[in-house]
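Peer 1: The structure file upload01.cif (mmCIF, C-alpha atoms) is provided below.
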```cif
data_my_file
#
loop_
_atom_site.label_atom_id
_atom_site.label_comp_id
_atom_site.auth_asym_id
_atom_site.auth_seq_id
_atom_site.Cartn_x
_atom_site.Cartn_y
_atom_site.Cartn_z
CA MET C 1 -74.99 60.87 -36.84
CA ASN C 2 -75.04 63.64 -34.26
CA THR C 3 -75.05 67.25 -35.38
CA SER C 4 -71.67 68.40 -34.12
CA VAL C 5 -69.95 65.53 -35.92
CA GLU C 6 -71.95 66.36 -39.04
CA ILE C 7 -70.89 69.99 -38.92
CA SER C 8 -67.22 69.24 -38.39
CA LEU C 9 -67.39 66.69 -41.23
CA ARG C 10 -68.95 69.26 -43.52
CA ARG C 11 -66.29 71.78 -42.51
CA SER C 12 -63.48 69.39 -43.32
CA GLN C 13 -65.09 68.62 -46.66
CA GLY C 14 -65.25 72.35 -47.32
CA ARG C 15 -61.55 72.67 -46.48
CA GLN C 16 -60.78 69.81 -48.83
CA THR C 17 -62.67 71.39 -51.71
CA GLY C 18 -60.83 74.63 -50.96
CA ARG C 19 -57.51 72.80 -51.02
CA LEU C 20 -58.35 71.17 -54.36
CA ILE C 21 -59.36 74.48 -55.93
CA LEU C 22 -56.18 76.15 -54.65
CA LEU C 23 -54.03 73.32 -55.99
CA GLY C 24 -55.74 73.52 -59.38
CA LEU C 25 -55.46 77.29 -59.60
CA GLY C 26 -51.82 77.20 -58.53
CA TRP C 27 -51.06 74.60 -61.16
CA PHE C 28 -52.76 76.48 -64.00
CA SER C 29 -51.13 79.78 -63.12
CA LEU C 30 -47.67 78.18 -62.98
CA TYR C 31 -48.32 76.56 -66.35
CA TRP C 32 -49.50 79.83 -67.84
CA VAL C 33 -46.67 81.88 -66.40
CA ASN C 34 -43.93 79.42 -67.39
CA GLY C 35 -43.01 80.67 -70.87
CA ARG C 36 -43.46 84.31 -69.90
CA VAL C 37 -41.20 84.17 -66.83
CA TRP C 38 -38.30 82.62 -68.71
CA ASN C 39 -38.69 85.03 -71.62
CA PHE C 40 -38.57 87.95 -69.26
CA LEU C 41 -35.72 86.65 -67.08
CA LEU C 42 -33.47 85.49 -69.90
CA PHE C 43 -34.04 87.91 -72.72
CA THR C 44 -35.20 91.09 -70.99
CA LEU C 45 -33.56 91.02 -67.57
CA ILE C 46 -30.26 89.22 -68.22
CA GLY C 47 -30.17 90.25 -71.83
CA VAL C 48 -29.28 86.92 -73.44
CA ASN C 49 -29.43 87.10 -77.21
CA LYS C 50 -32.65 85.36 -78.30
CA GLU C 51 -31.21 84.42 -81.67
CA SER C 52 -27.99 82.87 -80.33
CA LYS C 53 -27.68 79.10 -80.11
CA ILE C 54 -26.82 79.18 -76.44
CA GLY C 55 -29.71 81.51 -75.59
CA ASP C 56 -32.14 79.38 -77.54
CA SER C 57 -30.90 76.18 -75.87
CA ILE C 58 -31.04 77.60 -72.36
CA HIS C 59 -34.55 78.87 -72.97
CA PHE C 60 -35.60 75.48 -74.35
CA PHE C 61 -34.09 73.77 -71.30
CA LEU C 62 -35.73 75.97 -68.66
CA TYR C 63 -39.08 76.22 -70.40
CA ASP C 64 -39.37 72.53 -71.23
CA PHE C 65 -38.17 71.31 -67.87
CA THR C 66 -40.77 73.43 -66.05
CA LYS C 67 -43.50 72.50 -68.50
CA ILE C 68 -42.91 68.76 -68.45
CA ALA C 69 -42.38 68.75 -64.67
CA LEU C 70 -45.73 70.52 -64.23
CA LEU C 71 -47.48 68.13 -66.60
CA LEU C 72 -45.85 65.16 -64.89
CA VAL C 73 -47.02 66.24 -61.45
CA GLY C 74 -50.50 67.29 -62.65
CA ILE C 75 -51.18 64.15 -64.67
CA THR C 76 -49.86 61.90 -61.90
CA PHE C 77 -52.17 63.55 -59.39
CA VAL C 78 -55.27 63.20 -61.58
CA VAL C 79 -54.46 59.64 -62.59
CA THR C 80 -53.71 58.53 -59.02
CA PHE C 81 -56.95 60.07 -57.81
CA ALA C 82 -58.93 58.30 -60.54
CA ARG C 83 -57.07 55.05 -60.02
CA SER C 84 -57.76 54.98 -56.30
CA PHE C 85 -61.17 53.59 -57.26
CA ILE C 86 -59.57 50.54 -58.86
CA THR C 87 -57.33 47.92 -57.29
CA ILE C 88 -55.28 45.14 -58.76
CA GLU C 89 -57.47 42.67 -56.81
CA ARG C 90 -60.59 43.92 -58.62
CA THR C 91 -58.85 43.65 -61.96
CA ARG C 92 -57.88 40.09 -61.18
CA ALA C 93 -61.45 39.24 -60.23
CA LEU C 94 -62.57 40.73 -63.54
CA LEU C 95 -60.09 38.66 -65.54
CA GLY C 96 -60.59 35.34 -63.75
CA GLY C 97 -62.13 32.72 -66.03
CA LYS C 98 -62.14 34.94 -69.13
CA ARG C 99 -61.38 33.28 -72.45
CA GLU C 100 -58.61 34.14 -74.87
CA GLY C 101 -59.59 37.13 -76.96
CA ILE C 102 -62.08 38.90 -74.72
CA GLY C 103 -59.76 38.18 -71.79
CA ASN C 104 -56.81 39.75 -73.60
CA ILE C 105 -58.84 42.81 -74.59
CA LEU C 106 -60.00 43.29 -71.00
CA ALA C 107 -56.51 42.65 -69.64
CA ALA C 108 -54.87 45.18 -71.95
CA SER C 109 -57.49 47.82 -71.15
CA ALA C 110 -57.21 47.08 -67.43
CA GLY C 111 -53.45 47.43 -67.79
CA ILE C 112 -53.91 51.12 -68.59
CA VAL C 113 -56.10 51.97 -65.62
CA THR C 114 -54.99 49.63 -62.84
CA PRO C 115 -52.51 51.12 -60.41
CA PHE C 116 -49.41 49.03 -60.82
CA CYS C 117 -45.73 49.50 -60.19
CA SER C 118 -43.29 47.51 -62.25
CA CYS C 119 -41.63 46.30 -59.05
CA SER C 120 -44.85 44.34 -58.43
CA ALA C 121 -44.72 42.55 -61.79
CA VAL C 122 -43.72 39.26 -60.20
CA PRO C 123 -46.32 39.07 -57.39
CA VAL C 124 -48.98 40.12 -59.92
CA PHE C 125 -47.88 37.38 -62.31
CA ILE C 126 -48.06 34.75 -59.55
CA GLY C 127 -51.31 36.16 -58.19
CA PHE C 128 -53.04 36.19 -61.59
CA LEU C 129 -51.94 32.68 -62.54
CA GLY C 130 -52.77 31.39 -59.08
CA SER C 131 -56.37 32.46 -59.44
CA GLY C 132 -56.79 30.95 -62.88
CA VAL C 133 -56.09 33.84 -65.23
CA PRO C 134 -54.45 32.31 -68.36
CA VAL C 135 -50.77 33.09 -69.03
CA GLY C 136 -51.54 34.87 -72.32
CA VAL C 137 -54.14 37.12 -70.67
CA THR C 138 -51.74 37.89 -67.80
CA LEU C 139 -49.03 38.82 -70.31
CA SER C 140 -51.45 41.15 -72.13
CA PHE C 141 -51.87 42.95 -68.81
CA LEU C 142 -48.15 43.06 -68.10
CA ILE C 143 -47.36 44.38 -71.60
CA ALA C 144 -50.08 47.05 -71.64
CA SER C 145 -49.27 48.40 -68.21
CA PRO C 146 -45.87 49.95 -68.97
CA LEU C 147 -46.40 50.28 -72.76
CA ILE C 148 -49.42 52.54 -72.47
CA ASN C 149 -48.15 55.11 -70.07
CA GLU C 150 -50.65 57.71 -68.90
CA ILE C 151 -47.97 60.37 -68.64
CA ALA C 152 -46.94 59.68 -72.24
CA VAL C 153 -50.59 60.01 -73.33
CA GLY C 154 -50.88 63.35 -71.56
CA LEU C 155 -47.59 64.69 -72.91
CA LEU C 156 -48.31 63.56 -76.48
CA PHE C 157 -51.72 65.18 -76.22
CA THR C 158 -50.32 68.55 -75.11
CA MET C 159 -47.37 68.52 -77.51
CA PHE C 160 -48.71 66.90 -80.67
CA GLY C 161 -52.50 66.94 -80.30
CA TRP C 162 -55.17 64.34 -79.64
CA LYS C 163 -54.66 62.40 -82.86
CA ILE C 164 -51.11 61.35 -82.04
CA ALA C 165 -52.13 60.59 -78.43
CA ALA C 166 -55.02 58.42 -79.65
CA ILE C 167 -52.80 56.62 -82.16
CA TYR C 168 -50.32 55.84 -79.41
CA LEU C 169 -53.05 54.57 -77.09
CA LEU C 170 -54.74 52.39 -79.71
CA SER C 171 -51.58 50.90 -81.15
CA GLY C 172 -50.36 50.14 -77.63
CA LEU C 173 -53.61 48.27 -76.97
CA VAL C 174 -53.36 46.33 -80.22
CA ILE C 175 -49.77 45.29 -79.46
CA ALA C 176 -50.64 44.17 -75.90
CA ILE C 177 -53.71 42.23 -77.04
CA SER C 178 -52.12 40.48 -80.00
CA ALA C 179 -48.81 39.73 -78.26
CA GLY C 180 -50.74 38.20 -75.34
CA ILE C 181 -52.87 36.06 -77.66
CA PHE C 182 -49.82 34.96 -79.63
CA LEU C 183 -47.80 34.05 -76.53
CA GLY C 184 -50.84 32.28 -75.07
CA ARG C 185 -51.15 30.16 -78.24
CA LEU C 186 -47.53 29.03 -77.89
CA LYS C 187 -48.59 27.16 -74.74
CA VAL C 188 -46.00 29.06 -72.79
CA GLU C 189 -46.98 27.45 -69.46
CA ARG C 190 -44.02 25.10 -69.85
CA TRP C 191 -41.70 28.10 -69.92
CA VAL C 192 -42.89 29.50 -66.64
CA GLU C 193 -40.73 28.75 -63.58
CA PRO C 194 -42.36 25.81 -61.75
CA PHE C 195 -42.48 27.54 -58.36
CA VAL C 196 -45.16 29.88 -59.74
CA PHE C 197 -47.65 27.02 -60.04
CA ALA C 198 -46.51 25.50 -56.76
CA THR C 199 -47.21 28.70 -54.82
CA LYS C 200 -50.29 28.30 -52.71
CA ILE C 201 -52.23 31.49 -52.19
CA ASN C 202 -53.59 31.30 -48.69
CA GLU C 203 -56.02 34.16 -48.63
CA THR C 204 -57.30 37.03 -50.65
CA PRO C 205 -56.96 40.17 -48.61
CA ASN C 206 -59.80 42.55 -49.14
CA PHE C 207 -59.21 46.22 -48.58
CA GLY C 208 -58.45 49.36 -50.47
CA ALA C 209 -60.65 50.87 -53.13
CA SER C 210 -63.96 51.26 -51.34
CA GLY C 211 -62.22 52.16 -48.09
CA TYR C 212 -60.82 55.52 -49.15
CA SER C 213 -62.52 58.80 -48.45
CA ILE C 214 -62.19 61.65 -50.94
CA ASN C 215 -59.68 63.23 -48.54
CA GLU C 216 -57.49 60.17 -48.61
CA ARG C 217 -57.72 59.96 -52.40
CA VAL C 218 -56.52 63.57 -52.69
CA THR C 219 -53.70 62.86 -50.24
CA LEU C 220 -52.79 59.72 -52.20
CA GLY C 221 -52.65 61.81 -55.36
CA ILE C 222 -50.38 64.43 -53.78
CA GLU C 223 -48.10 61.78 -52.25
CA GLU C 224 -47.82 59.93 -55.54
CA ALA C 225 -47.11 63.11 -57.50
CA LYS C 226 -44.28 63.84 -55.04
CA VAL C 227 -42.87 60.32 -55.21
CA ILE C 228 -43.03 60.22 -59.02
CA PHE C 229 -41.40 63.63 -59.35
CA LEU C 230 -38.58 62.75 -56.95
CA LYS C 231 -38.02 59.50 -58.82
CA ILE C 232 -38.18 60.88 -62.33
CA TRP C 233 -36.55 64.31 -62.24
CA PRO C 234 -33.03 63.02 -62.98
CA TYR C 235 -34.32 61.29 -66.14
CA LEU C 236 -36.27 64.36 -67.07
CA LEU C 237 -33.20 66.54 -66.56
CA GLY C 238 -31.06 64.17 -68.64
CA GLY C 239 -33.64 63.97 -71.42
CA ILE C 240 -34.08 67.72 -71.57
CA ALA C 241 -30.34 68.44 -71.46
CA LEU C 242 -29.90 66.06 -74.40
CA GLY C 243 -32.92 67.58 -76.11
CA ALA C 244 -31.60 71.12 -75.59
CA ALA C 245 -28.21 70.11 -77.01
CA ILE C 246 -29.76 68.54 -80.10
CA HIS C 247 -32.13 71.49 -80.39
CA GLY C 248 -29.31 74.01 -80.41
CA TRP C 249 -26.39 72.26 -82.05
CA ALA C 250 -27.28 69.23 -84.17
CA PRO C 251 -27.42 70.26 -87.82
CA THR C 252 -31.02 70.41 -88.97
CA THR C 253 -30.56 67.79 -91.63
CA PHE C 254 -28.37 65.38 -89.64
CA PHE C 255 -31.10 63.18 -88.15
CA ALA C 256 -33.43 63.48 -91.09
CA GLN C 257 -30.61 62.30 -93.33
CA TYR C 258 -29.72 59.20 -91.32
CA ALA C 259 -32.98 58.29 -89.60
CA GLY C 260 -35.56 60.01 -91.77
CA SER C 261 -38.10 58.40 -94.05
CA GLY C 262 -35.31 57.71 -96.56
CA ASN C 263 -33.79 55.04 -94.31
CA PRO C 264 -35.85 51.83 -94.39
CA PHE C 265 -34.13 50.49 -91.25
CA ALA C 266 -34.71 53.60 -89.14
CA VAL C 267 -37.62 52.09 -87.17
CA VAL C 268 -35.73 48.88 -86.40
CA ILE C 269 -32.69 50.82 -85.27
CA ALA C 270 -34.84 53.15 -83.13
CA VAL C 271 -36.41 50.15 -81.36
CA ILE C 272 -33.09 48.37 -80.79
CA VAL C 273 -31.51 51.57 -79.47
CA GLY C 274 -34.51 52.06 -77.19
CA ILE C 275 -34.44 48.67 -75.42
CA PRO C 276 -31.31 49.15 -73.26
CA LEU C 277 -32.14 52.80 -72.63
CA TYR C 278 -33.81 53.00 -69.27
CA SER C 279 -35.88 56.09 -68.89
CA ASN C 280 -39.53 56.83 -68.80
CA ALA C 281 -42.07 58.69 -70.83
CA ALA C 282 -41.30 62.06 -69.24
CA GLY C 283 -37.59 61.67 -69.89
CA VAL C 284 -38.03 60.55 -73.50
CA MET C 285 -40.56 63.13 -74.55
CA PRO C 286 -38.23 66.15 -74.88
CA ILE C 287 -35.99 64.07 -77.14
CA VAL C 288 -38.99 62.96 -79.19
CA GLN C 289 -40.12 66.55 -79.54
CA VAL C 290 -36.72 67.79 -80.65
CA LEU C 291 -36.21 64.96 -83.13
CA TYR C 292 -39.68 65.63 -84.54
CA ASP C 293 -38.70 69.26 -85.06
CA LYS C 294 -35.57 68.02 -86.81
CA GLY C 295 -37.70 66.15 -89.32
CA LEU C 296 -37.93 62.58 -88.05
CA PRO C 297 -41.22 60.85 -88.92
CA MET C 298 -43.73 60.30 -86.09
CA GLY C 299 -43.91 56.52 -86.56
CA THR C 300 -40.19 56.14 -85.92
CA LEU C 301 -40.44 58.36 -82.86
CA LEU C 302 -43.46 56.54 -81.41
CA ALA C 303 -41.62 53.24 -81.90
CA PHE C 304 -38.55 54.64 -80.15
CA MET C 305 -40.61 55.91 -77.23
CA MET C 306 -42.55 52.65 -76.84
CA SER C 307 -39.37 50.62 -76.89
CA VAL C 308 -37.75 52.77 -74.19
CA VAL C 309 -40.83 52.66 -71.98
CA ALA C 310 -42.11 49.11 -72.48
CA LEU C 311 -38.96 47.04 -72.83
CA SER C 312 -36.81 48.02 -69.91
CA LEU C 313 -33.91 45.98 -68.66
CA PRO C 314 -34.74 46.19 -64.92
CA GLU C 315 -38.26 44.89 -65.54
CA MET C 316 -36.92 42.07 -67.71
CA ILE C 317 -34.54 41.08 -64.91
CA LEU C 318 -37.50 41.00 -62.51
CA LEU C 319 -39.62 38.93 -64.89
CA ARG C 320 -36.74 36.49 -65.29
CA ARG C 321 -37.62 35.28 -61.78
CA VAL C 322 -40.88 33.80 -63.09
CA LEU C 323 -40.27 33.35 -66.82
CA LYS C 324 -37.68 30.95 -68.23
CA PRO C 325 -35.12 32.57 -70.58
CA LYS C 326 -36.86 31.14 -73.64
CA LEU C 327 -40.16 32.79 -72.77
CA LEU C 328 -38.47 36.03 -71.80
CA ALA C 329 -36.66 36.15 -75.15
CA THR C 330 -39.91 35.37 -77.00
CA PHE C 331 -41.67 38.06 -74.96
CA ILE C 332 -39.09 40.70 -75.90
CA THR C 333 -39.10 39.61 -79.55
CA VAL C 334 -42.89 39.64 -79.91
CA VAL C 335 -43.34 43.01 -78.22
CA GLY C 336 -40.36 44.43 -80.15
CA LEU C 337 -41.80 43.22 -83.48
CA GLY C 338 -45.18 44.69 -82.58
CA ILE C 339 -43.59 48.08 -81.90
CA ILE C 340 -41.58 47.92 -85.15
CA PHE C 341 -44.76 47.13 -87.07
CA VAL C 342 -46.54 50.10 -85.51
CA GLY C 343 -43.60 52.34 -86.41
CA TYR C 344 -43.67 51.37 -90.10
CA LEU C 345 -47.46 51.52 -90.22
CA PHE C 346 -47.58 55.10 -88.99
CA ASN C 347 -44.64 56.21 -91.06
CA ALA C 348 -46.62 54.96 -94.05
CA ILE C 349 -49.98 56.53 -93.21
CA LEU C 350 -49.16 59.73 -91.29
CA MET O 1 -46.93 41.06 -32.04
CA ASN O 2 -45.41 39.65 -35.19
CA ILE O 3 -44.97 42.08 -38.06
CA LYS O 4 -43.90 41.19 -41.56
CA VAL O 5 -42.95 43.74 -44.20
CA LEU O 6 -43.44 42.19 -47.64
CA GLY O 7 -41.51 43.51 -50.60
CA PRO O 8 -38.83 42.43 -53.03
CA GLY O 9 -36.51 45.26 -52.02
CA CYS O 10 -37.64 48.25 -54.03
CA ARG O 11 -37.45 51.70 -52.50
CA ASN O 12 -41.01 51.77 -51.18
CA CYS O 13 -40.45 48.47 -49.38
CA ILE O 14 -37.31 49.77 -47.70
CA THR O 15 -39.18 52.90 -46.62
CA LEU O 16 -42.04 50.88 -45.14
CA ASP O 17 -39.57 48.69 -43.25
CA ARG O 18 -37.84 51.76 -41.85
CA ILE O 19 -40.96 53.58 -40.67
CA THR O 20 -42.34 50.37 -39.16
CA HIS O 21 -39.22 50.11 -37.02
CA GLU O 22 -39.53 53.78 -36.08
CA VAL O 23 -43.22 53.56 -35.16
CA ILE O 24 -42.75 50.39 -33.11
CA ALA O 25 -39.86 52.01 -31.23
CA GLU O 26 -42.00 55.07 -30.59
CA MET O 27 -44.93 53.00 -29.34
CA GLY O 28 -42.60 51.04 -27.10
CA ILE O 29 -44.33 47.69 -27.58
CA GLU O 30 -42.91 44.20 -27.97
CA ALA O 31 -42.83 43.20 -31.61
CA THR O 32 -40.74 41.19 -33.99
CA ILE O 33 -40.34 42.73 -37.42
CA GLU O 34 -39.34 40.53 -40.33
CA LYS O 35 -38.68 41.53 -43.89
CA ILE O 36 -39.98 39.03 -46.46
CA GLU O 37 -38.38 39.30 -49.87
CA ASP O 38 -39.22 35.91 -51.33
CA TYR O 39 -41.77 36.20 -54.15
CA ALA O 40 -43.42 32.86 -53.44
CA LEU O 41 -43.97 33.83 -49.80
CA ILE O 42 -45.24 37.29 -50.73
CA ALA O 43 -47.71 35.84 -53.22
CA GLY O 44 -48.72 33.26 -50.62
CA PHE O 45 -50.26 36.07 -48.57
CA GLY O 46 -52.38 36.99 -51.59
CA VAL O 47 -50.46 40.23 -51.94
CA MET O 48 -50.06 41.53 -55.49
CA SER O 49 -48.88 45.03 -54.91
CA THR O 50 -45.93 45.68 -52.70
CA PRO O 51 -45.02 46.93 -50.19
CA ALA O 52 -47.40 45.17 -47.83
CA LEU O 53 -47.72 44.94 -44.08
CA VAL O 54 -48.75 41.72 -42.33
CA VAL O 55 -49.51 41.77 -38.62
CA ASP O 56 -50.02 38.45 -36.82
CA GLY O 57 -50.75 36.72 -40.11
CA LYS O 58 -53.23 39.28 -41.46
CA VAL O 59 -52.56 41.60 -44.38
CA LEU O 60 -53.37 45.11 -43.17
CA LEU O 61 -51.87 47.22 -45.90
CA SER O 62 -50.81 46.69 -49.49
CA GLY O 63 -49.52 48.73 -52.38
CA ARG O 64 -48.67 51.95 -50.59
CA VAL O 65 -46.35 53.47 -48.04
CA PRO O 66 -48.50 54.93 -45.26
CA THR O 67 -47.59 58.06 -43.34
CA ALA O 68 -46.08 57.37 -39.92
CA ARG O 69 -49.31 58.59 -38.29
CA HIS O 70 -51.52 56.29 -40.36
CA LEU O 71 -49.19 53.37 -39.69
CA LYS O 72 -49.35 54.08 -35.95
CA GLU O 73 -53.15 54.00 -36.05
CA ILE O 74 -53.10 50.67 -37.86
CA LEU O 75 -50.60 49.14 -35.45
CA GLU O 76 -52.40 50.48 -32.38
CA ALA O 77 -55.68 49.01 -33.60
CA ALA O 78 -53.95 45.69 -34.22
CA HIS O 79 -52.24 45.77 -30.83
CA SER O 80 -55.35 46.23 -28.73
#
```
Let's see the structure in the file written out as structure tokens.

Peer 2:
Amino acid sequence: MNTSVEISLRRSQGRQTGRLILLGLGWFSLYWVNGRVWNFLLFTLIGVNKESKIGDSIHFFLYDFTKIALLLVGITFVVTFARSFITIERTRALLGGKREGIGNILAASAGIVTPFCSCSAVPVFIGFLGSGVPVGVTLSFLIASPLINEIAVGLLFTMFGWKIAAIYLLSGLVIAISAGIFLGRLKVERWVEPFVFATKINETPNFGASGYSINERVTLGIEEAKVIFLKIWPYLLGGIALGAAIHGWAPTTFFAQYAGSGNPFAVVIAVIVGIPLYSNAAGVMPIVQVLYDKGLPMGTLLAFMMSVVALSLPEMILLRRVLKPKLLATFITVVGLGIIFVGYLFNAIL
Amino acid sequence: MNIKVLGPGCRNCITLDRITHEVIAEMGIEATIEKIEDYALIAGFGVMSTPALVVDGKVLLSGRVPTARHLKEILEAAHS
């Protein structure tokens, strides 16, 4: 390499490092300043009564929206950067020819780290099956991917501590692994739409992971953080508005009375209510936080969150293209039962 | 040049289709642009993450929406 190219390369790397440090510093100062700014603006400058319900709710709304939005953008950036080293093609190569059991464990773990958008569920399903990954192993991947949401892990960690985040992560893995094994044992191949097996995969394109420079990975991270924020802010706004309303107005004992540990059906109801609700982890978390403050047990809340995130109607409609109704119904039932089990388990031990 | 935009119709796929049209118009070259929404056809190209860009039968991009500048570079390289 000639020297002038080397120097300009080193300069651009220096600029990149500078950009990263600036981004990081900016993020941390915004996060730090968040609570203080709203306190000052609302209570000192405008003079809203801190003790009033309306003041408390507005503060909750502004503070939580900023906080979760910052976490959402920050976590998305870090995760996208890390994930740019992995591609779905590599994951498939890893899973090809793996047996039941070890294959399901690998698939569920890969489901957490592989970049994957739920709109690609169908091509991934066809692509995995086409290269000899068993149906059960493929389903473990497809269950783990939305169920164990990295943004949910990050938010649980910052709001409830590492124990709750770890419990969520592990129980998500166990559900994805066991549901995949169970569905695989049912010999569900006969319930897959025939065109999936008839599809001939002509080539395996090879690009991506190794091709990115650090620059491009940073840019990918920034782009993705933007895209995710633009996509999710309405859900976040809705979730926080609802959270702020419950926070300010719902009687303290209301939820605890009807959905607290005294009600044996609370977990089941939480999961059933969660299925048709279409939101994502960032939108659900403010509600989870508020309901936790109102005395709902963590197991019920984790079950509710998992059901909202993992069993979403739009994704089911997509999967219907490749799965016959019988398999789709079994899929929903098995994952739903797994989530219910987790809910009761953690209500009992936490 | 034959360009195919692969994607079931999610937002990213629509964006890729739009900027491909824009870039081709800007470059002023002859090209047909098709949008492929059929899952069997998409999977047939070995593509697992959409949107994807296929130029003259070769997959050049998958799983992300490029910037217009990046897309132009890709298409220029494919054109020459």

Peer 1: I would like the residues chosen by the PyMOL selection byres ((chain O and resi 26) around 12) on the shown file; could you give them as a PyMOL selection string?

Peer 2: chain O and resi 19-25+27-31+68-69+71-72+75-76

Peer 1: Return the neighbours of chain C among the residues of chain O, cut-off 8 Å, counting all atoms listed in the file, as a list in words.

Peer 2: Pro8, Cys10, Tyr39, Ala40, Leu41, Ile42, Ala43, Gly44, Phe45, Gly46, Val47, Met48, Ser49, Thr50, Val59 and Leu61 of chain O

Peer 1: Can you spit out the residues from that selection as a CSV table (one decimal), in the frame of the given file, using C-alpha atoms?

Peer 2:
```csv
chain,number,residue,atom,x,y,z
O,8,PRO,CA,-38.8,42.4,-53.0
O,10,CYS,CA,-37.6,48.2,-54.0
O,39,TYR,CA,-41.8,36.2,-54.2
O,40,ALA,CA,-43.4,32.9,-53.4
O,41,LEU,CA,-44.0,33.8,-49.8
O,42,ILE,CA,-45.2,37.3,-50.7
O,43,ALA,CA,-47.7,35.8,-53.2
O,44,GLY,CA,-48.7,33.3,-50.6
O,45,PHE,CA,-50.3,36.1,-48.6
O,46,GLY,CA,-52.4,37.0,-51.6
O,47,VAL,CA,-50.5,40.2,-51.9
O,48,MET,CA,-50.1,41.5,-55.5
O,49,SER,CA,-48.9,45.0,-54.9
O,50,THR,CA,-45.9,45.7,-52.7
O,59,VAL,CA,-52.6,41.6,-44.4
O,61,LEU,CA,-51.9,47.2,-45.9
```

Peer 1: May I have the residues within 7 Å of Asn12 of chain O as a PDB file with C-alpha atoms, in the coordinates of the input, using all atoms listed in the file and disregarding those fewer than 3 positions away in the same chain?

Peer 2:
```
ATOM      1  CA  THR O  15     -39.180  52.900 -46.620  1.00  0.00           C
ATOM      2  CA  LEU O  16     -42.040  50.880 -45.140  1.00  0.00           C
ATOM      3  CA  PRO O  51     -45.020  46.930 -50.190  1.00  0.00           C
ATOM      4  CA  VAL O  65     -46.350  53.470 -48.040  1.00  0.00           C
TER       5      VAL O  65
END
```

Peer 1: Please expand the PyMOL selection byres ((chain C and resi 65) around 12) into the concrete residues it hits in this file, giving the result as a count of residues only.

Peer 2: 38

Peer 1: Would you work out the distance separating atom CA of Pro264 of chain C from atom CA of Tyr344 of chain C, expressed in Å to one decimal?

Peer 2: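 Separation of atom CA of Pro264 of chain C and atom CA of Tyr344 of chain C: 8.9 Å.
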
Peer 1: Using only C-alpha atoms, which of the listed residues (C:Phe141, C:Trp162, C:Phe265, C:Phe255) sits closest to Ala179 of chain C?

Peer 2: C:Phe141
